[in-house]
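Have a look at the structure below, then the notes.
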Amino acid sequence: MAGTDETMQAVGFHEHGPIENFELLDVPVPEVDAGEVLVEVRAASLNHQDLFAIRELDHYVPEYPFWGGGDFAGVIDAVGESVEGWSVGDRVAIDPTITCGECRFCEAGEQSMCDEYAVFGEHRKGGFAEYAAVPAGSLVAVPDGVAFETAAAAPMVTGTAFRALLTRADLEPYEDLLVVGATGGVGHMAVQLATEVIGVDTLYGTTSTEEKADFLRELGVDHVIDYTEEDFASRVWDLTGGDGVDAVYNTVGGETWVPSMRTLRPGGRLVTSGATAGPNPETEIRLVFVRQLDVMGSTAHSSTDLRHALGYVWDGTVEPVIQETFSLAEYDAAFRTMADREAYGKLVFTLD
Ligand SMILES: NC(=O)c1ccc[n+]([C@@H]2O[C@H](COP(=O)([O-])OP(=O)(O)OC[C@H]3O[C@@H](n4cnc5c(N)ncnc54)[C@H](OP(=O)(O)O)[C@@H]3O)[C@@H](O)[C@H]2O)c1
Ligand SMILES: [Zn+2]
C-alpha cells in the first residue's frame with residue numbers, strides 16, 4: 001500500500017494557459033478520506049475536457065498544482081473507513097461525474113442535472129497520476145477480461161453518447177442520423193451505438209481528413225463527408241434526396257451549428273453535448289420554427305445511462321478504439337496529438 005508520506009508522478013499544471021503548461025509533477029500520494037478508496041492507476045484516457053481544463057476552466061480548479069484525467073481505471077490499493085463492498089485488489093474504473101445523491105434531480109435519477117454536479121478532471125483531481133483517491137460511490141467494477149485501457153477509455157465518451165442518442169434523442173432503428181464530429185472520443189462511440197445498439201437506417205458522419213474518413217468507413221459510417229472539401233449540409237441534402245435526416249448529433253458547435261439544422265427534415269432533432277469549435281455560433285431561428293425542429297442538450301449520463309452504456313462495452317457490443325498509448329512521461333506528445341486534431345478514437349496513458 002502506498003503510504004501518505006510517499007510521492008508519485010502526475011501530469012498537471014501550476015498555471016492555466018496553453019498545453020505547454022503541462023508538466024510531469026512529483027506530488028504526494030493522495031490521502032484517503034472516509035468513504036474513499038485509493039486506486040493505483042493502470043490507465044487513464046484523454047478527453048477534450050482536459051484541454052479545456054488547462055486552457056480556460058480556472059474558475060473550477062480547487063488548488064494547484066492540479067491534474068486532470070476524468071477517465072481512469074486500475075486496482076484498489078487501500079480502502080478508507082466506512083467503505084463497504086470494495087476490497088484491495090479489485091479492478092475498477094471510475095464514473096467521471098460526481099453528484100450529491102440527495103437533490104431533486106438525483107432523486108429523480110437525473111444525476112447529470114444534479115445541483116452539485118462536478119466532474120473528475122475539472123472540479124477534482126483525476127487520474128493522470130500513479131494514484132487517485134476516489135469516493136466509493138464513483139467506483140465501477142471492471143469485469144475480468146476487460147483491459148484497463150478499455151475500461152479507462154470508455155466511461156465518459158460512451159456514457160455521453162449513450163445519453164444523447166438513446167435517452168435524449170430517443171433514436172429509432174428506422175431513422176437516419178448524422179454525427180458531426182464523428183471521429184472524436186464521443187463521436188466514435190456515438191457511431192458504434194448508432195450501428196451496433198440502435199441499428200439506425202443510414203448513418204452519416206463528418207470529418208476533416210482522408211485518414212480519418214477511412215477510420216469512419218471501417219467503423220460503419222455509410223456516408224463519410226469531409227467538410228473541408230464540401231459543404232456537408234448540401235451533401236447530406238443530396239444524399240437523402242432532399243428528405244433530410246431524422247436526427248443530428250453535434251459534438252462540435254461553432255460553424256457546424258446552422259449547417260446541422262439545414263440537414264434535418266421537418267420535425268427533426270438536433271442534439272448537442274459539446275462545443276469544441278465554439279459555444280456562440282450564429283443561429284437561424286427561422287429554420288427552428290419553419291421546420292419545427294427540436295433542439296436538445298445532453299450532458300454526461302445518469303447512473304442508468306452509464307450502467308447500460310458500459311454494459312455494451314463490457315460485453316463487446318461496442319469498443320472504444322485506442323489510437324495510441326503513451327507513458328505519463330510522454331504527456332507532451334499525447335496532448336499535442338489531441339490539440340492538433342490528429343486523434344481519432346481515444347488516446348490513453350498506460351502505467352505499469
Ligand atoms: N456535455 C458533456 O457531458 C460532455 C461529455 C464529453 C465531452 N463533451 C464535449 O464534447 C466535445 C468532444 O469531446 P471529445 O473528448 O470527444 O473530443 P475529441 O476526442 O478531441 O474529438 C473532437 C472532434 O471534434 C472534431 N472537431 C471539429 N471541429 C473542431 C475544432 N475546431 N477543434 C477541435 N476539434 C474539432 C474533430 O474531428 P474532425 O477533425 O474529424 O472533424 C475531433 O476529432 C468536447 O467539446 C467536449 O468538451 C461534453
Ligand atoms: Zn444531486
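The way I read the labels, and the way they are meant: chains A, B, ... in the order of the C-alpha cells, residue 1 as the first residue of every chain, and ligand 1 as the first ligand shown, with later ones counted on from there.
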Report task. Write out as a list in words the residues lying within 9 Å of A:Asn21, counting only C-alpha atoms and excluding same-chain residues fewer than 6 positions away. Result -> Gly12, Phe13, His14, Glu15 and Ile54 of chain A
Query raised in the report: Neighbours of ligand 1 within 8 Å, counting only C-alpha atoms and all ligand atoms, as an MDAnalysis selection string?
Result: chainID A and resid 46:49 52 112 156:157 160 180:188 206:209 212:213 227 251:254 272:278 298:301 338:346
**Report entry** Contacts of stretch 246-249 of chain A at 9 Å (only C-alpha atoms; same-chain gap of 5+ positions) as a ChimeraX atom specification
**Finding:** /A:161,164-165,169,171,175-182,187,190,260-261,263-273
Selected residues written out with N, CA and C atoms, as a PDB file, in the first residue's frame:
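Produced file result35.pdb, reproduced below:
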```
ATOM      1  N   ALA A 161     -22.368   9.676 -25.168  1.00  0.00           N
ATOM      2  CA  ALA A 161     -23.019   9.354 -26.451  1.00  0.00           C
ATOM      3  C   ALA A 161     -24.314   8.566 -26.223  1.00  0.00           C
ATOM      4  N   ALA A 164     -27.082  11.003 -25.117  1.00  0.00           N
ATOM      5  CA  ALA A 164     -27.507  11.891 -26.205  1.00  0.00           C
ATOM      6  C   ALA A 164     -28.393  11.155 -27.208  1.00  0.00           C
ATOM      7  N   LEU A 165     -27.975   9.969 -27.612  1.00  0.00           N
ATOM      8  CA  LEU A 165     -28.687   9.273 -28.702  1.00  0.00           C
ATOM      9  C   LEU A 165     -29.901   8.490 -28.222  1.00  0.00           C
ATOM     10  N   ALA A 169     -32.330  11.917 -27.507  1.00  0.00           N
ATOM     11  CA  ALA A 169     -32.887  11.976 -28.876  1.00  0.00           C
ATOM     12  C   ALA A 169     -33.818  10.803 -29.165  1.00  0.00           C
ATOM     13  N   LEU A 171     -33.545   7.840 -30.388  1.00  0.00           N
ATOM     14  CA  LEU A 171     -33.402   7.414 -31.786  1.00  0.00           C
ATOM     15  C   LEU A 171     -33.978   6.022 -32.032  1.00  0.00           C
ATOM     16  N   GLU A 175     -34.579   5.232 -38.331  1.00  0.00           N
ATOM     17  CA  GLU A 175     -34.237   6.643 -38.565  1.00  0.00           C
ATOM     18  C   GLU A 175     -32.819   6.804 -39.128  1.00  0.00           C
ATOM     19  N   ASP A 176     -32.601   7.950 -39.774  1.00  0.00           N
ATOM     20  CA  ASP A 176     -31.285   8.312 -40.306  1.00  0.00           C
ATOM     21  C   ASP A 176     -30.640   9.329 -39.363  1.00  0.00           C
ATOM     22  N   LEU A 177     -29.326   9.170 -39.184  1.00  0.00           N
ATOM     23  CA  LEU A 177     -28.603  10.011 -38.228  1.00  0.00           C
ATOM     24  C   LEU A 177     -27.355  10.583 -38.874  1.00  0.00           C
ATOM     25  N   LEU A 178     -27.067  11.842 -38.576  1.00  0.00           N
ATOM     26  CA  LEU A 178     -25.784  12.458 -38.918  1.00  0.00           C
ATOM     27  C   LEU A 178     -25.026  12.737 -37.624  1.00  0.00           C
ATOM     28  N   VAL A 179     -23.779  12.262 -37.539  1.00  0.00           N
ATOM     29  CA  VAL A 179     -22.921  12.598 -36.405  1.00  0.00           C
ATOM     30  C   VAL A 179     -21.886  13.611 -36.890  1.00  0.00           C
ATOM     31  N   VAL A 180     -21.921  14.810 -36.317  1.00  0.00           N
ATOM     32  CA  VAL A 180     -20.944  15.855 -36.643  1.00  0.00           C
ATOM     33  C   VAL A 180     -19.862  15.805 -35.561  1.00  0.00           C
ATOM     34  N   GLY A 181     -18.619  15.517 -35.995  1.00  0.00           N
ATOM     35  CA  GLY A 181     -17.543  15.281 -35.022  1.00  0.00           C
ATOM     36  C   GLY A 181     -17.406  13.790 -34.753  1.00  0.00           C
ATOM     37  N   ALA A 182     -17.626  12.997 -35.790  1.00  0.00           N
ATOM     38  CA  ALA A 182     -17.762  11.543 -35.617  1.00  0.00           C
ATOM     39  C   ALA A 182     -16.459  10.842 -35.244  1.00  0.00           C
ATOM     40  N   GLY A 187     -17.711  11.061 -30.467  1.00  0.00           N
ATOM     41  CA  GLY A 187     -18.264  10.811 -31.798  1.00  0.00           C
ATOM     42  C   GLY A 187     -18.149   9.357 -32.218  1.00  0.00           C
ATOM     43  N   ALA A 190     -20.559   7.284 -30.459  1.00  0.00           N
ATOM     44  CA  ALA A 190     -21.908   7.532 -31.000  1.00  0.00           C
ATOM     45  C   ALA A 190     -22.112   6.712 -32.272  1.00  0.00           C
ATOM     46  N   SER A 260     -25.886  22.025 -39.507  1.00  0.00           N
ATOM     47  CA  SER A 260     -26.519  20.841 -38.906  1.00  0.00           C
ATOM     48  C   SER A 260     -28.033  20.958 -38.969  1.00  0.00           C
ATOM     49  N   MET A 261     -28.549  22.136 -38.676  1.00  0.00           N
ATOM     50  CA  MET A 261     -30.006  22.346 -38.765  1.00  0.00           C
ATOM     51  C   MET A 261     -30.493  22.145 -40.200  1.00  0.00           C
ATOM     52  N   THR A 263     -29.546  20.147 -42.361  1.00  0.00           N
ATOM     53  CA  THR A 263     -29.614  18.752 -42.817  1.00  0.00           C
ATOM     54  C   THR A 263     -30.854  18.032 -42.297  1.00  0.00           C
ATOM     55  N   LEU A 264     -31.622  18.688 -41.409  1.00  0.00           N
ATOM     56  CA  LEU A 264     -32.734  17.991 -40.745  1.00  0.00           C
ATOM     57  C   LEU A 264     -34.036  18.076 -41.526  1.00  0.00           C
ATOM     58  N   ARG A 265     -34.799  17.007 -41.498  1.00  0.00           N
ATOM     59  CA  ARG A 265     -36.143  17.001 -42.061  1.00  0.00           C
ATOM     60  C   ARG A 265     -37.053  17.827 -41.147  1.00  0.00           C
ATOM     61  N   PRO A 266     -38.220  18.233 -41.616  1.00  0.00           N
ATOM     62  CA  PRO A 266     -39.174  18.875 -40.712  1.00  0.00           C
ATOM     63  C   PRO A 266     -39.467  17.962 -39.516  1.00  0.00           C
ATOM     64  N   GLY A 267     -39.463  18.540 -38.317  1.00  0.00           N
ATOM     65  CA  GLY A 267     -39.701  17.746 -37.102  1.00  0.00           C
ATOM     66  C   GLY A 267     -38.470  17.014 -36.614  1.00  0.00           C
ATOM     67  N   GLY A 268     -37.289  17.270 -37.233  1.00  0.00           N
ATOM     68  CA  GLY A 268     -36.062  16.564 -36.847  1.00  0.00           C
ATOM     69  C   GLY A 268     -35.520  17.058 -35.510  1.00  0.00           C
ATOM     70  N   ARG A 269     -34.553  16.288 -34.980  1.00  0.00           N
ATOM     71  CA  ARG A 269     -33.979  16.636 -33.674  1.00  0.00           C
ATOM     72  C   ARG A 269     -32.488  16.918 -33.820  1.00  0.00           C
ATOM     73  N   LEU A 270     -32.069  17.998 -33.182  1.00  0.00           N
ATOM     74  CA  LEU A 270     -30.647  18.359 -33.120  1.00  0.00           C
ATOM     75  C   LEU A 270     -30.224  18.239 -31.668  1.00  0.00           C
ATOM     76  N   VAL A 271     -29.335  17.291 -31.388  1.00  0.00           N
ATOM     77  CA  VAL A 271     -28.892  17.102 -30.004  1.00  0.00           C
ATOM     78  C   VAL A 271     -27.425  17.481 -29.904  1.00  0.00           C
ATOM     79  N   THR A 272     -27.100  18.259 -28.866  1.00  0.00           N
ATOM     80  CA  THR A 272     -25.723  18.724 -28.670  1.00  0.00           C
ATOM     81  C   THR A 272     -25.238  18.363 -27.278  1.00  0.00           C
ATOM     82  N   SER A 273     -23.936  18.023 -27.213  1.00  0.00           N
ATOM     83  CA  SER A 273     -23.333  17.820 -25.890  1.00  0.00           C
ATOM     84  C   SER A 273     -21.937  18.437 -25.838  1.00  0.00           C
TER      85      SER A 273
END
```
Requested in this report: For stretch 115-124 of chain A, please output as a list in words all residues within 8 Å (counting only C-alpha atoms; exclusion window: fewer than 3 positions along the same chain).
Outcome: Gln49, Asp50, Ala53, Leu57, Tyr60, Val61, Pro62, Trp67, Gly68, Gly69, Gly70, Asp71, Pro96, Thr97, Ile98, Thr99, Cys100, Cys103, Phe105, Gln111, Ser112 and Gly127 of chain A
Requested in this report: Using only C-alpha atoms, determine which residues lie at most 10 Å from A:Tyr331, disregarding the query and same-chain residues fewer than 2 positions distant; provide the list as a list in words.
Outcome: Ala10, Val11, Gly12, Ile19, Phe22, Glu23, Leu24, Phe128, Phe326, Ser327, Leu328, Ala329, Ala333, Ala334, Phe335, Arg336, Thr337 and Phe349 of chain A
So that I have them on file, write out the residues from the current selection with N, CA and C atoms, as a short mmCIF file (atom, residue, chain, number, x, y, z; two decimals), in the first residue's frame.
```cif
data_model
loop_
_atom_site.label_atom_id
_atom_site.label_comp_id
_atom_site.auth_asym_id
_atom_site.auth_seq_id
_atom_site.Cartn_x
_atom_site.Cartn_y
_atom_site.Cartn_z
N ALA A 10 2.58 12.73 -11.49
CA ALA A 10 1.29 13.14 -12.05
C ALA A 10 1.56 14.10 -13.20
N VAL A 11 0.64 14.17 -14.14
CA VAL A 11 0.77 15.13 -15.24
C VAL A 11 -0.25 16.23 -15.02
N GLY A 12 0.24 17.42 -14.72
CA GLY A 12 -0.68 18.50 -14.40
C GLY A 12 -0.07 19.86 -14.69
N ILE A 19 -1.24 24.33 -23.66
CA ILE A 19 -0.89 22.97 -23.21
C ILE A 19 0.59 22.83 -22.89
N PHE A 22 1.55 22.02 -19.28
CA PHE A 22 1.55 20.70 -18.65
C PHE A 22 2.98 20.35 -18.24
N GLU A 23 3.13 19.69 -17.11
CA GLU A 23 4.45 19.22 -16.69
C GLU A 23 4.30 17.92 -15.91
N LEU A 24 5.43 17.21 -15.81
CA LEU A 24 5.46 15.99 -15.02
C LEU A 24 5.75 16.40 -13.58
N PHE A 128 -4.61 11.35 -14.06
CA PHE A 128 -3.31 11.47 -14.74
C PHE A 128 -2.21 11.43 -13.68
N PHE A 326 0.42 6.12 -24.40
CA PHE A 326 1.59 6.92 -24.01
C PHE A 326 1.91 6.62 -22.55
N SER A 327 3.18 6.76 -22.19
CA SER A 327 3.53 6.76 -20.76
C SER A 327 3.23 8.17 -20.23
N LEU A 328 3.18 8.32 -18.90
CA LEU A 328 2.96 9.67 -18.35
C LEU A 328 4.05 10.63 -18.83
N ALA A 329 5.28 10.12 -18.95
CA ALA A 329 6.40 10.98 -19.37
C ALA A 329 6.22 11.50 -20.80
N ALA A 333 3.51 14.69 -26.15
CA ALA A 333 3.05 14.10 -27.42
C ALA A 333 1.56 13.77 -27.35
N ALA A 334 1.11 13.29 -26.20
CA ALA A 334 -0.29 12.90 -26.07
C ALA A 334 -1.22 14.10 -26.22
N PHE A 335 -0.95 15.16 -25.46
CA PHE A 335 -1.84 16.33 -25.53
C PHE A 335 -1.73 17.04 -26.87
N ARG A 336 -0.53 17.01 -27.44
CA ARG A 336 -0.35 17.66 -28.74
C ARG A 336 -1.15 16.92 -29.83
N THR A 337 -1.17 15.61 -29.76
CA THR A 337 -1.93 14.84 -30.75
C THR A 337 -3.40 15.22 -30.71
N PHE A 349 -3.11 7.08 -21.54
CA PHE A 349 -1.87 6.89 -20.77
C PHE A 349 -1.91 5.49 -20.15
#
```
